[in-house]
Amino acid sequence: MCGNQIRTILLTGGIGSGKSAVAGILRSKGIPVYDCDASAKNVYERNPGVVARLESLLGVSLRNSDGSFCRKALADIIFKDSASLSAVESVVHPAVLEDFMRWRSSQNAPVVAIESAIAKEKPLFQGLWDAVVVVTAPLEQRLERVMARDGMKSEDVIARIKAQNTSVLGADAVINNDCGMAALEERTLLALKILNIQ
């Protein structure tokens, strides 16, 4: 355990691997899942000071013509420049961590999961979980999924894939998402069995 009564699973994997599909299966089995990406987006939306701080750090505007936060402008910068990515993470990650800790303490469940593509590699998040589940998928399927979902060009998807370190090293269970939903649910349940959950 990690110093609390709630067992925590890190659900991770690269863009287009299908983490969200697995997260949906976990939720259907009664395991609450915290979505780090959604939390980060909420940080930008509900805290204008964060956006202003990022603009100051990066030296660029991150707003649409109506003054709202432009997520695409930020994504275009951080997936092409590791220094800018580090600067953004130094602002956003502590806010996400604080939000997760508050969320987890409010859960009435023996097991929860935190869904994140990058937490496994970030020192700030170490010690949060008891087990790591990595979702993988063939590159072609990942490309197809992200291009269909986000309307991105293949070269932009590949750049994002390269920017993420999604090694299965240190995983307690690996779910290969190269299948349909029925098989994915079976594989997810097997992963939970490996972790002595359910």
# chains A, B, ... in the order shown; residues from 1 in each chain; ligands from 1

call {"tool": "closest_atom_pairs", "arguments": {"of": "segment 93-132 of chain A", "to": "segment 31-54 of chain A", "cutoff": "10 Å", "atoms": "only C-alpha atoms", "output": "CSV"}}
result
residue,atom,partner,partner_atom,distance
A:His93,CA,A:Ala40,CA,7.8
A:Ala95,CA,A:Val43,CA,7.2
A:Val96,CA,A:Ala40,CA,6.1
A:Leu97,CA,A:Cys36,CA,8.8
A:Asp99,CA,A:Ser39,CA,7.6
A:Phe100,CA,A:Tyr34,CA,7.1
A:Trp103,CA,A:Tyr34,CA,7.8
A:Arg104,CA,A:Tyr34,CA,8.2
A:Gln107,CA,A:Pro32,CA,7.7
A:Asn108,CA,A:Pro32,CA,9.1
A:Ala109,CA,A:Ile31,CA,7.2
A:Pro110,CA,A:Ile31,CA,8.3
A:Val111,CA,A:Ile31,CA,6.0
A:Val112,CA,A:Pro32,CA,5.0
A:Ala113,CA,A:Val33,CA,4.6
A:Ile114,CA,A:Tyr34,CA,4.7
A:Glu115,CA,A:Asp35,CA,5.0
A:Ser116,CA,A:Cys36,CA,5.5
A:Ala117,CA,A:Cys36,CA,8.5
A:Ile118,CA,A:Cys36,CA,9.4
A:Ala119,CA,A:Cys36,CA,8.9

call {"tool": "select_by_dssp", "arguments": {"residues": "chain A", "states": "helix (DSSP H, G or I)", "output": "VMD selection string"}}
result
chain A and resid 19 to 28 36 to 46 48 to 58 71 to 78 82 to 105 119 to 121 123 to 125 139 to 150 154 to 163 181 to 194

call {"tool": "closest_residue", "arguments": {"among": "A:Lys162, A:Lys122, A:Arg145, A:Arg102", "to": "Ala21 of chain A", "atoms": "only C-alpha atoms"}}
result
A:Arg145

call {"tool": "atom_distance", "arguments": {"atom1": "atom CA of Trp129 of chain A", "atom2": "atom CA of Leu11 of chain A"}}
result
9.7 Å

call {"tool": "select_by_dssp", "arguments": {"residues": "segment 13-122 of chain A", "states": "strand (DSSP E)", "output": "ChimeraX atom specification"}}
result
/A:33-35,111-115

call {"tool": "residues_around", "arguments": {"residues": "Asn196 of chain A", "least_positions_apart": "3", "cutoff": "12 Å", "atoms": "only C-alpha atoms", "output": "number ranges by chain"}}
result
A: 7, 9, 111, 130-131, 172-173, 189-193

call {"tool": "residues_around", "arguments": {"residues": "Glu55 of chain A", "least_positions_apart": "4", "cutoff": "12 Å", "atoms": "only C-alpha atoms", "output": "PyMOL selection string"}}
result
chain A and resi 44+48-51+59-63+69-70+73-74+77+84+87-88+91

call {"tool": "closest_residue", "arguments": {"among": "A:Ile6, A:Leu169, A:Met152, A:Val132", "to": "Ile194 of chain A", "atoms": "only C-alpha atoms"}}
result
A:Val132

call {"tool": "atom_distance", "arguments": {"atom1": "atom CA of Asn176 of chain A", "atom2": "atom CA of Val135 of chain A"}}
result
6.0 Å
